[in-house]
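Student: Provided herewith: structure16.tsv, TSV, C-alpha atoms.
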```
chain	number	residue	atom	x	y	z
I	1	MET	CA	182.24	92.81	53.90
I	2	PRO	CA	185.19	93.28	56.29
I	3	LEU	CA	185.23	91.89	59.83
I	4	ILE	CA	185.52	95.43	61.21
I	5	ARG	CA	185.33	98.88	59.70
I	6	PRO	CA	185.74	102.54	60.67
I	7	PHE	CA	182.65	104.65	61.37
I	8	ALA	CA	181.54	108.20	62.12
I	9	GLY	CA	181.12	108.15	65.88
I	10	LEU	CA	178.57	110.13	67.85
I	11	ARG	CA	180.39	111.60	70.82
I	12	PRO	CA	180.54	114.53	73.23
I	13	LEU	CA	182.49	117.67	72.53
I	14	PRO	CA	185.78	117.28	74.43
I	15	GLU	CA	184.83	119.96	76.93
I	16	ARG	CA	181.55	118.16	77.68
I	17	ALA	CA	182.91	114.62	78.01
I	18	GLU	CA	183.12	114.82	81.79
I	19	ASP	CA	179.43	115.83	81.91
I	20	VAL	CA	178.41	112.89	79.70
I	21	ILE	CA	180.51	109.89	80.77
I	22	ALA	CA	178.53	107.20	82.58
I	23	PRO	CA	178.97	103.64	83.83
I	24	PRO	CA	177.74	100.79	81.61
I	25	TYR	CA	173.95	100.57	81.63
I	26	ASP	CA	173.91	97.10	83.18
I	27	VAL	CA	176.11	97.62	86.25
I	28	LEU	CA	173.59	99.85	88.07
I	29	ASN	CA	169.99	99.33	89.10
I	30	SER	CA	167.44	102.11	88.65
I	31	ASP	CA	167.93	103.60	92.13
I	32	GLU	CA	171.70	103.62	91.77
I	33	ALA	CA	171.45	105.21	88.31
I	34	ARG	CA	169.10	107.89	89.67
I	35	GLN	CA	171.59	108.73	92.41
I	36	ARG	CA	174.59	108.79	90.08
I	37	ALA	CA	172.80	111.10	87.62
I	38	ALA	CA	171.53	113.53	90.27
I	39	GLY	CA	172.66	117.06	89.41
I	40	ARG	CA	174.13	115.85	86.08
I	41	PRO	CA	171.61	116.75	83.36
I	42	TRP	CA	173.93	115.62	80.55
I	43	SER	CA	174.89	112.28	82.07
I	44	PHE	CA	174.45	109.47	79.55
I	45	LEU	CA	172.45	107.64	82.21
I	46	HIS	CA	169.51	109.76	81.06
I	47	ILE	CA	169.75	107.78	77.80
I	48	SER	CA	170.95	104.37	78.94
I	49	ARG	CA	168.69	104.26	82.02
I	50	ALA	CA	165.95	106.70	81.03
I	51	GLU	CA	163.54	105.36	83.68
I	52	ILE	CA	165.38	107.70	86.06
I	53	ASP	CA	163.49	110.59	84.42
I	54	LEU	CA	160.11	108.93	84.98
I	55	PRO	CA	158.25	108.33	88.25
I	56	ALA	CA	160.05	106.12	90.76
I	57	GLY	CA	159.02	102.51	90.32
I	58	THR	CA	158.59	102.76	86.55
I	59	ASP	CA	159.30	99.41	84.91
I	60	PRO	CA	162.66	99.77	83.07
I	61	PHE	CA	161.09	97.86	80.16
I	62	ASP	CA	158.06	100.15	79.85
I	63	PRO	CA	157.71	101.63	76.31
I	64	ALA	CA	157.79	105.08	77.89
I	65	VAL	CA	161.39	104.46	78.97
I	66	TYR	CA	162.61	103.95	75.41
I	67	ALA	CA	160.65	106.97	74.20
I	68	ARG	CA	162.21	109.12	76.94
I	69	ALA	CA	165.67	107.82	76.01
I	70	ALA	CA	165.12	109.00	72.43
I	71	GLU	CA	163.92	112.41	73.66
I	72	ASN	CA	166.97	112.76	75.89
I	73	LEU	CA	169.32	111.85	73.05
I	74	GLU	CA	167.69	114.44	70.80
I	75	LYS	CA	168.12	117.01	73.57
I	76	LEU	CA	171.86	116.34	73.87
I	77	LEU	CA	172.17	116.70	70.11
I	78	ALA	CA	170.11	119.89	69.99
I	79	GLU	CA	172.13	121.45	72.82
I	80	GLY	CA	175.40	120.63	71.06
I	81	VAL	CA	176.61	118.33	73.84
I	82	LEU	CA	176.93	115.46	71.38
I	83	LYS	CA	178.09	115.71	67.77
I	84	ARG	CA	178.66	113.12	65.07
I	85	ASP	CA	182.01	113.01	63.31
I	86	GLU	CA	181.98	113.91	59.64
I	87	GLN	CA	184.30	111.13	58.46
I	88	GLU	CA	184.64	107.45	59.17
I	89	VAL	CA	187.56	106.78	61.50
I	90	TYR	CA	188.78	104.38	64.13
I	91	TYR	CA	189.31	105.42	67.73
I	92	VAL	CA	191.86	104.13	70.20
I	93	TYR	CA	190.58	103.59	73.75
I	94	ARG	CA	192.89	103.17	76.74
I	95	LEU	CA	191.66	102.05	80.15
I	96	THR	CA	193.87	102.62	83.19
I	97	MET	CA	193.05	101.07	86.56
I	98	GLY	CA	195.90	101.54	88.99
I	99	GLU	CA	198.92	99.82	87.47
I	100	HIS	CA	196.84	98.00	84.87
I	101	VAL	CA	196.66	99.50	81.37
I	102	GLN	CA	194.92	98.13	78.28
I	103	THR	CA	194.67	99.79	74.88
I	104	GLY	CA	192.20	98.75	72.21
I	105	LEU	CA	190.48	99.79	69.01
I	106	VAL	CA	186.97	101.24	68.79
I	107	ALA	CA	185.38	99.93	65.60
I	108	VAL	CA	182.11	98.58	64.30
I	109	ALA	CA	182.07	94.82	63.73
I	110	SER	CA	180.17	92.84	61.12
I	111	VAL	CA	176.84	91.31	62.15
I	112	ALA	CA	177.23	88.80	59.30
I	113	GLU	CA	180.50	87.56	60.81
I	114	TYR	CA	178.84	87.39	64.23
I	115	ASP	CA	176.02	85.33	62.73
I	116	ILE	CA	178.46	82.72	61.38
I	117	ASN	CA	180.36	82.65	64.71
I	118	ARG	CA	183.56	84.25	63.47
I	119	ILE	CA	182.88	86.72	66.27
I	120	ARG	CA	182.71	84.02	68.88
I	121	LYS	CA	180.41	83.69	71.85
I	122	HIS	CA	180.79	81.89	75.18
I	123	GLU	CA	177.51	82.66	76.98
I	124	PHE	CA	173.81	82.02	76.59
I	125	THR	CA	171.57	85.07	76.33
I	126	ARG	CA	168.20	85.73	77.96
I	127	PRO	CA	165.32	86.79	75.66
I	128	VAL	CA	164.10	89.52	78.03
I	129	LYS	CA	167.53	91.19	78.03
I	130	GLU	CA	167.86	90.83	74.27
I	131	ASP	CA	164.42	92.39	73.81
I	132	ASP	CA	165.45	95.33	75.99
I	133	ARG	CA	168.52	96.08	73.86
I	134	VAL	CA	166.55	95.69	70.60
I	135	ARG	CA	163.99	98.26	71.79
I	136	GLN	CA	166.74	100.62	72.92
I	137	ILE	CA	168.59	100.41	69.59
I	138	GLU	CA	165.39	100.92	67.59
I	139	ALA	CA	164.27	103.85	69.74
I	140	LEU	CA	167.61	105.64	69.40
I	141	ASN	CA	168.56	104.42	65.92
I	142	ALA	CA	171.95	103.92	67.55
I	143	GLN	CA	174.02	101.50	69.59
I	144	THR	CA	175.25	103.25	72.70
I	145	GLY	CA	176.87	100.50	74.77
I	146	PRO	CA	180.04	99.06	73.20
I	147	VAL	CA	180.59	95.32	73.14
I	148	LEU	CA	183.90	94.30	74.73
I	149	LEU	CA	185.85	92.10	72.30
I	150	ALA	CA	189.28	90.47	72.34
I	151	TYR	CA	191.64	89.37	69.60
I	152	ARG	CA	194.62	87.07	69.87
I	153	SER	CA	197.49	89.50	70.29
I	154	GLU	CA	199.45	90.13	67.10
I	155	GLU	CA	202.56	92.29	67.27
I	156	ASN	CA	201.80	94.26	64.10
I	157	ILE	CA	198.20	95.02	65.08
I	158	ASP	CA	199.19	95.88	68.64
I	159	ARG	CA	201.85	98.25	67.30
I	160	LEU	CA	199.48	99.99	64.88
I	161	ILE	CA	196.96	100.62	67.65
I	162	GLU	CA	199.64	101.81	70.04
I	163	SER	CA	201.05	104.20	67.44
I	164	ALA	CA	197.97	106.40	67.71
I	165	THR	CA	198.71	107.11	71.38
I	166	THR	CA	201.72	109.32	70.58
I	167	ALA	CA	199.33	112.14	69.59
I	168	PRO	CA	197.41	114.27	72.08
I	169	PRO	CA	194.22	112.45	73.17
I	170	GLU	CA	190.72	113.64	72.38
I	171	TYR	CA	189.55	112.68	75.89
I	172	ASN	CA	191.51	111.95	79.05
I	173	LEU	CA	189.24	111.80	82.07
I	174	ALA	CA	188.67	109.79	85.21
I	175	ALA	CA	185.23	108.38	85.92
I	176	ASP	CA	183.82	108.53	89.43
I	177	ASP	CA	185.16	105.02	90.14
I	178	GLY	CA	188.71	106.24	89.49
I	179	ILE	CA	189.15	104.48	86.14
I	180	LEU	CA	190.97	106.66	83.61
I	181	HIS	CA	189.45	106.71	80.11
I	182	THR	CA	191.70	108.04	77.33
I	183	ILE	CA	190.60	108.17	73.68
I	184	TRP	CA	192.38	109.17	70.49
I	185	VAL	CA	190.93	109.69	67.02
I	186	LEU	CA	192.74	107.53	64.46
I	187	ASP	CA	192.15	109.13	61.06
I	188	ASP	CA	195.29	108.22	59.10
I	189	PRO	CA	193.98	106.47	55.94
I	190	ASP	CA	197.00	104.17	55.65
I	191	VAL	CA	196.77	103.00	59.26
I	192	ILE	CA	193.00	102.56	58.92
I	193	ALA	CA	193.51	100.38	55.84
I	194	GLN	CA	196.21	98.31	57.55
I	195	LEU	CA	194.05	97.72	60.62
I	196	THR	CA	191.02	96.77	58.55
I	197	ALA	CA	193.09	94.30	56.53
I	198	GLY	CA	194.86	92.97	59.63
I	199	PHE	CA	191.65	92.15	61.44
I	200	ASP	CA	190.10	90.74	58.30
I	201	ALA	CA	192.94	88.22	58.13
I	202	MET	CA	192.11	86.90	61.60
I	203	LYS	CA	190.36	83.56	61.94
I	204	ALA	CA	188.17	84.84	64.81
I	205	ILE	CA	187.70	87.48	67.47
I	206	TYR	CA	185.95	86.90	70.79
I	207	ILE	CA	183.14	88.47	72.81
I	208	ALA	CA	184.36	89.12	76.33
I	209	ASP	CA	181.34	91.06	77.57
I	210	GLY	CA	178.21	92.15	75.72
I	211	HIS	CA	176.48	89.03	74.46
I	212	HIS	CA	173.02	90.61	74.74
I	213	ARG	CA	174.11	93.75	72.88
I	214	SER	CA	175.61	91.61	70.10
I	215	ALA	CA	172.52	89.42	69.79
I	216	ALA	CA	170.27	92.49	69.75
I	217	ALA	CA	172.33	94.07	66.96
I	218	SER	CA	171.93	90.89	64.92
I	219	ARG	CA	168.16	90.95	65.41
I	220	VAL	CA	167.92	94.62	64.41
I	221	ALA	CA	170.00	94.02	61.27
I	222	ALA	CA	167.83	91.05	60.28
I	223	ALA	CA	164.62	93.05	60.81
I	224	ARG	CA	165.86	96.00	58.75
I	225	ASP	CA	167.24	93.79	55.97
I	226	GLU	CA	169.28	96.64	54.50
I	227	ALA	CA	172.20	96.44	52.07
I	228	PRO	CA	175.31	94.56	53.28
I	229	GLU	CA	177.28	97.79	53.56
I	230	ALA	CA	174.58	99.57	55.63
I	231	MET	CA	175.68	100.70	59.08
I	232	SER	CA	172.83	98.69	60.62
I	233	ARG	CA	174.86	95.62	59.57
I	234	TYR	CA	177.58	96.54	62.07
I	235	PHE	CA	177.67	96.88	65.85
I	236	LEU	CA	179.72	99.02	68.24
I	237	THR	CA	182.79	97.36	69.77
I	238	VAL	CA	186.05	98.01	71.56
I	239	ILE	CA	188.60	95.31	70.72
I	240	PHE	CA	191.59	94.65	72.99
I	241	PRO	CA	194.56	92.29	72.60
I	242	HIS	CA	193.87	89.26	74.77
I	243	ARG	CA	197.14	89.57	76.70
I	244	GLN	CA	196.05	92.96	78.05
I	245	MET	CA	192.61	91.84	79.25
I	246	LYS	CA	192.08	91.62	83.00
I	247	ILE	CA	189.66	89.04	84.41
I	248	LEU	CA	189.03	89.13	88.14
I	249	ASP	CA	187.83	86.28	90.29
I	250	TYR	CA	184.08	85.70	90.40
I	251	ASN	CA	183.41	84.21	93.81
I	252	ARG	CA	180.54	82.17	95.26
I	253	VAL	CA	178.54	82.29	98.50
I	254	VAL	CA	175.97	79.69	99.59
I	255	LYS	CA	173.10	80.07	102.05
I	256	ASP	CA	173.22	76.64	103.71
I	257	LEU	CA	175.23	73.42	103.85
I	258	ASN	CA	172.46	71.13	102.56
I	259	GLY	CA	171.97	69.54	105.99
I	260	LEU	CA	175.68	68.92	106.58
I	261	SER	CA	177.67	70.17	109.54
I	262	ALA	CA	180.85	72.14	108.85
I	263	GLY	CA	182.90	69.12	109.86
I	264	GLU	CA	180.95	66.80	107.56
I	265	LEU	CA	181.39	69.16	104.62
I	266	LEU	CA	185.14	69.33	105.22
I	267	GLU	CA	185.43	65.55	105.49
I	268	GLN	CA	183.39	64.87	102.35
I	269	ALA	CA	185.29	67.54	100.40
I	270	ARG	CA	188.52	65.58	100.93
I	271	ALA	CA	187.34	63.00	98.39
I	272	SER	CA	188.01	65.55	95.63
I	273	PHE	CA	190.31	68.13	97.25
I	274	ALA	CA	193.36	68.39	99.45
I	275	VAL	CA	192.05	70.53	102.34
I	276	VAL	CA	194.39	72.71	104.43
I	277	GLN	CA	193.31	75.20	107.10
I	278	GLU	CA	194.97	78.62	106.69
I	279	ASP	CA	195.59	81.48	109.13
I	280	GLY	CA	193.99	84.16	106.94
I	281	PRO	CA	191.97	84.79	103.78
I	282	VAL	CA	192.78	82.50	100.86
I	283	SER	CA	193.32	84.04	97.45
I	284	PRO	CA	193.94	81.06	95.14
I	285	ALA	CA	197.39	81.16	93.58
I	286	ARG	CA	196.69	78.95	90.57
I	287	ALA	CA	194.00	77.18	88.62
I	288	GLY	CA	192.52	74.22	90.48
I	289	GLU	CA	192.87	75.93	93.85
I	290	PHE	CA	190.00	77.42	95.89
I	291	GLY	CA	189.48	79.23	99.15
I	292	MET	CA	186.62	78.21	101.43
I	293	TYR	CA	185.44	80.38	104.31
I	294	LEU	CA	183.46	78.27	106.76
I	295	GLY	CA	182.84	78.69	110.47
I	296	HIS	CA	185.03	81.82	110.70
I	297	ARG	CA	187.99	79.88	109.28
I	298	TRP	CA	189.65	79.84	105.86
I	299	TYR	CA	190.64	76.63	104.10
I	300	ARG	CA	192.67	76.08	100.93
I	301	LEU	CA	191.14	73.44	98.65
I	302	SER	CA	193.32	71.95	95.89
I	303	ILE	CA	191.57	69.71	93.38
I	304	HIS	CA	193.07	66.24	92.96
I	305	ALA	CA	194.74	66.04	89.55
I	306	GLN	CA	192.70	63.02	88.46
I	307	ARG	CA	189.54	65.08	88.92
I	308	ILE	CA	190.51	67.51	86.13
I	309	PRO	CA	189.04	66.45	82.75
I	310	SER	CA	190.26	67.54	79.33
I	311	ASP	CA	186.98	69.10	78.14
I	312	PRO	CA	187.43	72.90	77.82
I	313	VAL	CA	184.29	73.64	79.85
I	314	ALA	CA	184.54	70.85	82.44
I	315	ARG	CA	188.14	71.77	83.29
I	316	LEU	CA	187.27	75.39	84.17
I	317	ASP	CA	187.60	76.16	87.88
I	318	VAL	CA	183.95	77.18	88.07
I	319	SER	CA	183.04	73.74	86.69
I	320	LEU	CA	185.45	71.88	88.98
I	321	LEU	CA	183.92	73.52	92.06
I	322	ALA	CA	180.38	72.93	90.82
I	323	ASP	CA	180.94	69.31	89.80
I	324	ASN	CA	182.96	68.25	92.83
I	325	LEU	CA	181.42	70.22	95.70
I	326	LEU	CA	178.48	72.51	94.99
I	327	GLU	CA	176.33	69.88	93.29
I	328	PRO	CA	177.29	66.56	94.93
I	329	LEU	CA	177.70	67.91	98.48
I	330	LEU	CA	175.53	71.04	98.66
I	331	GLY	CA	172.82	70.00	96.19
I	332	ILE	CA	173.19	73.08	93.95
I	333	SER	CA	172.64	71.60	90.49
I	334	ASP	CA	171.65	74.72	88.52
I	335	PRO	CA	173.45	77.88	89.67
I	336	ARG	CA	171.43	79.92	87.15
I	337	THR	CA	168.19	79.36	89.06
I	338	ASP	CA	169.04	78.07	92.54
I	339	PRO	CA	168.31	80.81	95.13
I	340	ARG	CA	170.75	79.23	97.57
I	341	ILE	CA	173.80	80.51	95.69
I	342	ASP	CA	174.97	84.03	94.93
I	343	PHE	CA	177.98	85.47	93.12
I	344	VAL	CA	180.39	88.18	94.24
I	345	GLY	CA	182.70	89.99	91.83
I	346	GLY	CA	186.34	90.00	92.85
I	347	ILE	CA	186.40	93.80	92.81
I	348	ARG	CA	184.71	93.57	96.26
I	349	GLY	CA	187.63	91.67	97.80
I	350	LEU	CA	187.71	88.69	100.15
I	351	GLU	CA	186.46	90.85	103.00
I	352	GLY	CA	183.14	91.02	101.19
I	353	LEU	CA	182.91	87.23	101.36
I	354	GLU	CA	183.70	87.15	105.07
I	355	GLU	CA	181.08	89.79	105.82
I	356	ARG	CA	178.29	87.86	104.15
I	357	VAL	CA	179.13	84.68	106.06
I	358	ASP	CA	179.85	86.34	109.41
I	359	SER	CA	176.53	88.21	109.22
I	360	GLY	CA	174.68	84.91	109.09
I	361	GLU	CA	173.27	85.68	105.63
I	362	MET	CA	175.41	82.94	104.08
I	363	ALA	CA	176.84	79.68	105.42
I	364	ALA	CA	180.01	79.45	103.36
I	365	ALA	CA	181.99	81.33	100.72
I	366	PHE	CA	184.36	80.18	98.00
I	367	SER	CA	187.12	82.31	96.50
I	368	MET	CA	188.11	81.47	92.93
I	369	PHE	CA	191.17	81.76	90.71
I	370	PRO	CA	190.26	84.01	87.75
I	371	THR	CA	189.33	82.37	84.47
I	372	SER	CA	192.02	83.00	81.87
I	373	MET	CA	191.48	84.52	78.44
I	374	GLU	CA	193.03	81.38	76.97
I	375	ASP	CA	190.33	79.28	78.64
I	376	LEU	CA	187.59	81.63	77.43
I	377	MET	CA	188.85	81.45	73.85
I	378	ALA	CA	189.19	77.67	74.02
I	379	VAL	CA	185.54	77.37	75.06
I	380	ALA	CA	184.43	79.74	72.30
I	381	ASP	CA	186.55	77.91	69.71
I	382	ALA	CA	184.89	74.64	70.74
I	383	ASN	CA	181.49	76.30	70.18
I	384	GLU	CA	180.61	75.63	73.81
I	385	VAL	CA	179.21	77.81	76.58
I	386	MET	CA	180.81	78.73	79.88
I	387	PRO	CA	178.96	78.23	83.16
I	388	PRO	CA	177.21	81.31	84.54
I	389	LYS	CA	179.30	83.94	86.31
I	390	SER	CA	182.60	82.61	85.01
I	391	THR	CA	184.25	85.96	84.22
I	392	TRP	CA	184.36	89.42	85.76
I	393	PHE	CA	186.15	91.87	83.50
I	394	GLU	CA	187.73	95.01	84.93
I	395	PRO	CA	188.08	97.80	84.17
I	396	LYS	CA	184.72	98.52	82.53
I	397	LEU	CA	184.18	100.58	79.38
I	398	ALA	CA	182.21	103.79	79.80
I	399	ASP	CA	178.91	104.59	78.12
I	400	GLY	CA	178.44	107.84	76.24
I	401	LEU	CA	181.94	108.56	74.96
I	402	ILE	CA	181.35	107.00	71.52
I	403	SER	CA	178.07	105.73	70.05
I	404	HIS	CA	177.23	104.20	66.67
I	405	VAL	CA	174.40	105.67	64.58
I	406	LEU	CA	172.74	103.14	62.28
I	407	ASP	CA	172.36	105.30	59.16
```
Starting from the file, lay out its structure as structure tokens.
Tutor:
Amino acid sequence: MPLIRPFAGLRPLPERAEDVIAPPYDVLNSDEARQRAAGRPWSFLHISRAEIDLPAGTDPFDPAVYARAAENLEKLLAEGVLKRDEQEVYYVYRLTMGEHVQTGLVAVASVAEYDINRIRKHEFTRPVKEDDRVRQIEALNAQTGPVLLAYRSEENIDRLIESATTAPPEYNLAADDGILHTIWVLDDPDVIAQLTAGFDAMKAIYIADGHHRSAAASRVAAARDEAPEAMSRYFLTVIFPHRQMKILDYNRVVKDLNGLSAGELLEQARASFAVVQEDGPVSPARAGEFGMYLGHRWYRLSIHAQRIPSDPVARLDVSLLADNLLEPLLGISDPRTDPRIDFVGGIRGLEGLEERVDSGEMAAAFSMFPTSMEDLMAVADANEVMPPKSTWFEPKLADGLISHVLD
């Protein structure tokens, strides 16, 4: 079976898209989802976060939540807000955030190729989050949150995808965070065939965001054990050329200095870093460089070259900071479980780091240089796993604009 294939998407009527579009299910908590969906009866949050339609405090993993999600989906179908396309097509999805533009292909990807790691991973998954997505898929008989994938840019594939954008778009709307979402239907049989063949010739494609959704799709396919060509053997994706992907910094804040004074931390850090005090906030200009906000002052930390190993995981900036400062000096050995560390997406800016330290909540903050797509792909190609909170992708895909029905 091919690596990717076209499919008959379930999507809103163009005039209802603005009523339906919603943030990804996993970027909001229940209270935030309830607020965002207030006064919006057709918001996809009623499907992706259906606990908002149940009493406050309802466990998001309660069976009643999945049942309500299915009821809400049926309601949108019955009211004609959502409709499934009659033919199998690709879709082209453009995200615009300020000056940044990325254009990718909406397709369904092969679970079998995911299972043999041709669709490559770089993160561990948590069983509880996998279980949640499995229950959601089974309740809806659909995948509603697309997995964000990347492929190594190829001029011919990039050109074929871009060619669809000369036609009028099916949707062109701004979400409430200001991100512009533009989607075209790509139904030319020749272009569809060329894209299918072009992707099938690729050695691998890469999960950027959506490891739990991918793993859940694999589990659902295995449980159903349907024919190889069945739609349950494929999962919903949007695939972008790697050169267009935007990864923001994913910064760190720590609650205490592990018994050290600020001066002692600075002195001990010099064993691994060149340390220079700066007049203002430090946004690292290159890999191997870090900002540290400590005692109302910013410092630029540059890792000594001999401290950079060749291993694709150990050489990541998140690993260099962990291995040379967070663990040996601050005693943070497992950032997945240690309550003394927290993570701040770069979308919040360096001011967000200063605020958390100046308030007394945190003792120090570290600004990071963004992980590159090349580094992510190198880790995935080595069949290794990145440290937690290594990547923060922006802009985010929307939920609700295109879903994948499993039969």
Student: Which distance in Å separates atom CA of Leu173 of chain I and atom CA of Ala17 of chain I, to one decimal?
Tutor: 8.0 Å
Student: May I ask for the distance between atom CA of Arg307 of chain I and atom CA of Val282 of chain I, given in Å to one decimal place?
Tutor: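 Going from atom CA of Arg307 of chain I over to atom CA of Val282 of chain I, I get 21.4 Å.
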Student: Which one is closest to Glu88 of chain I: I:Leu257, I:Leu186, I:Met377, I:Ala215? Count all atoms listed in the file.
Tutor: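 Checking each candidate against Glu88 of chain I, we get I:Leu186 as the closest.
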Student: Kindly indicate which residue among I:Ser367, I:Pro312, I:Phe235, I:Arg34 lies nearest to Met292 of chain I, using only C-alpha atoms for the distances.
Tutor: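 The closest residue to Met292 of chain I is I:Ser367.
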Student: Please compute the atom CA of Ala378 of chain I-atom CA of Thr96 of chain I distance, one decimal, in Å.
Tutor: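 Between atom CA of Ala378 of chain I and atom CA of Thr96 of chain I the gap is 27.0 Å.
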Student: Taking into account only C-alpha atoms, which residue in the set I:Tyr91, I:Phe199, I:Phe44, I:Tyr250 is nearest to Glu18 of chain I?
Tutor: I:Phe44
Student: Identify, on the basis of all atoms listed in the file, every residue whose closest approach to Pro284 of chain I does not exceed 9 Å; exclude the query and any residue fewer than 4 positions from it along the same chain; express the result as JSON, numbers by chain.
Tutor: {"I": [288, 289, 290, 291, 300, 301, 367, 368, 369, 370]}
Student: Within 6 Å of segment 226-234 of chain I, counting only C-alpha atoms, which residues qualify if same-chain residues fewer than 6 places away don't, as a ChimeraX atom specification?
Tutor: /I:108-111,406-407
Student: Can you pull out the residues contacting Gly57 of chain I? Cut-off 10 Å, using all atoms listed in the file, and skip same-chain residues under 5 positions away; I want them as a list in words.
Tutor: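 Listed by chain and then number, they are Ser30, Asp31, Glu51 and Ile52 of chain I.
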Student: I want to know what sits within 12 Å of Lys83 of chain I, based on all atoms listed in the file, with residues of the same chain fewer than 2 positions away left out; could you give that as a PyMOL selection string?
Tutor: chain I and resi 8-14+16-17+73-81+85-86+400-405
Student: Set the distance at 8 Å and use all atoms listed in the file: which residues neighbour Val185 of chain I once local chain neighbours fewer than 4 positions away are removed? I'd like the list as JSON, numbers by chain.
Tutor: {"I": [89, 90, 91, 92, 164, 169, 170]}
Student: Which residue out of I:Ala274, I:Thr165, I:Ala175, I:Ala269 has the minimum interatomic distance to Pro328 of chain I when only C-alpha atoms are used?
Tutor: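 The answer is I:Ala269, which sits nearest to Pro328 of chain I.
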Student: Counting all atoms listed in the file, which of I:Glu394, I:Asp279, I:Glu71, I:Asp26 gets nearest to Ile179 of chain I?
Tutor: I:Glu394
Student: Could you check the closest approach to Leu330 of chain I for each of I:Arg213, I:Lys246, I:Lys255, I:His181 and tell me which residue wins, using all atoms listed in the file?
Tutor: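 Residue with the minimum atom-to-atom distance to Leu330 of chain I: I:Lys255.
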Student: Starting from the incomplete input, reconstruct N, CA and C atoms of segment 44-59 of chain I and write that as a PDB file, in the frame of the given file.
Tutor:
```pdb
ATOM      1  N   PHE I  44     175.000 110.422  80.514  1.00  0.00           N
ATOM      2  CA  PHE I  44     174.450 109.470  79.550  1.00  0.00           C
ATOM      3  C   PHE I  44     173.479 108.502  80.208  1.00  0.00           C
ATOM      4  N   LEU I  45     173.437 108.463  81.526  1.00  0.00           N
ATOM      5  CA  LEU I  45     172.450 107.640  82.210  1.00  0.00           C
ATOM      6  C   LEU I  45     171.027 108.068  81.873  1.00  0.00           C
ATOM      7  N   HIS I  46     170.839 109.312  81.472  1.00  0.00           N
ATOM      8  CA  HIS I  46     169.510 109.760  81.060  1.00  0.00           C
ATOM      9  C   HIS I  46     169.088 109.112  79.734  1.00  0.00           C
ATOM     10  N   ILE I  47     170.050 108.520  79.032  1.00  0.00           N
ATOM     11  CA  ILE I  47     169.750 107.780  77.800  1.00  0.00           C
ATOM     12  C   ILE I  47     169.771 106.276  78.058  1.00  0.00           C
ATOM     13  N   SER I  48     170.808 105.813  78.738  1.00  0.00           N
ATOM     14  CA  SER I  48     170.950 104.370  78.940  1.00  0.00           C
ATOM     15  C   SER I  48     170.026 103.822  80.014  1.00  0.00           C
ATOM     16  N   ARG I  49     169.626 104.668  80.969  1.00  0.00           N
ATOM     17  CA  ARG I  49     168.690 104.260  82.020  1.00  0.00           C
ATOM     18  C   ARG I  49     167.612 105.338  82.172  1.00  0.00           C
ATOM     19  N   ALA I  50     166.868 105.553  81.092  1.00  0.00           N
ATOM     20  CA  ALA I  50     165.950 106.700  81.030  1.00  0.00           C
ATOM     21  C   ALA I  50     164.799 106.601  82.014  1.00  0.00           C
ATOM     22  N   GLU I  51     164.595 105.452  82.654  1.00  0.00           N
ATOM     23  CA  GLU I  51     163.540 105.360  83.680  1.00  0.00           C
ATOM     24  C   GLU I  51     163.813 106.309  84.841  1.00  0.00           C
ATOM     25  N   ILE I  52     165.069 106.785  84.967  1.00  0.00           N
ATOM     26  CA  ILE I  52     165.380 107.700  86.060  1.00  0.00           C
ATOM     27  C   ILE I  52     164.685 109.042  85.892  1.00  0.00           C
ATOM     28  N   ASP I  53     164.208 109.337  84.677  1.00  0.00           N
ATOM     29  CA  ASP I  53     163.490 110.590  84.420  1.00  0.00           C
ATOM     30  C   ASP I  53     161.972 110.410  84.443  1.00  0.00           C
ATOM     31  N   LEU I  54     161.536 109.238  84.847  1.00  0.00           N
ATOM     32  CA  LEU I  54     160.110 108.930  84.980  1.00  0.00           C
ATOM     33  C   LEU I  54     159.827 108.637  86.450  1.00  0.00           C
ATOM     34  N   PRO I  55     158.564 108.550  86.839  1.00  0.00           N
ATOM     35  CA  PRO I  55     158.250 108.330  88.250  1.00  0.00           C
ATOM     36  C   PRO I  55     158.952 107.107  88.826  1.00  0.00           C
ATOM     37  N   ALA I  56     159.395 107.232  90.091  1.00  0.00           N
ATOM     38  CA  ALA I  56     160.050 106.120  90.760  1.00  0.00           C
ATOM     39  C   ALA I  56     159.162 104.879  90.685  1.00  0.00           C
ATOM     40  N   GLY I  57     159.767 103.758  90.438  1.00  0.00           N
ATOM     41  CA  GLY I  57     159.020 102.510  90.320  1.00  0.00           C
ATOM     42  C   GLY I  57     158.622 102.167  88.901  1.00  0.00           C
ATOM     43  N   THR I  58     158.904 103.053  87.946  1.00  0.00           N
ATOM     44  CA  THR I  58     158.590 102.760  86.550  1.00  0.00           C
ATOM     45  C   THR I  58     159.353 101.516  86.097  1.00  0.00           C
ATOM     46  N   ASP I  59     158.672 100.607  85.443  1.00  0.00           N
ATOM     47  CA  ASP I  59     159.300  99.410  84.910  1.00  0.00           C
ATOM     48  C   ASP I  59     160.359  99.816  83.875  1.00  0.00           C
TER      49      ASP I  59
END
```
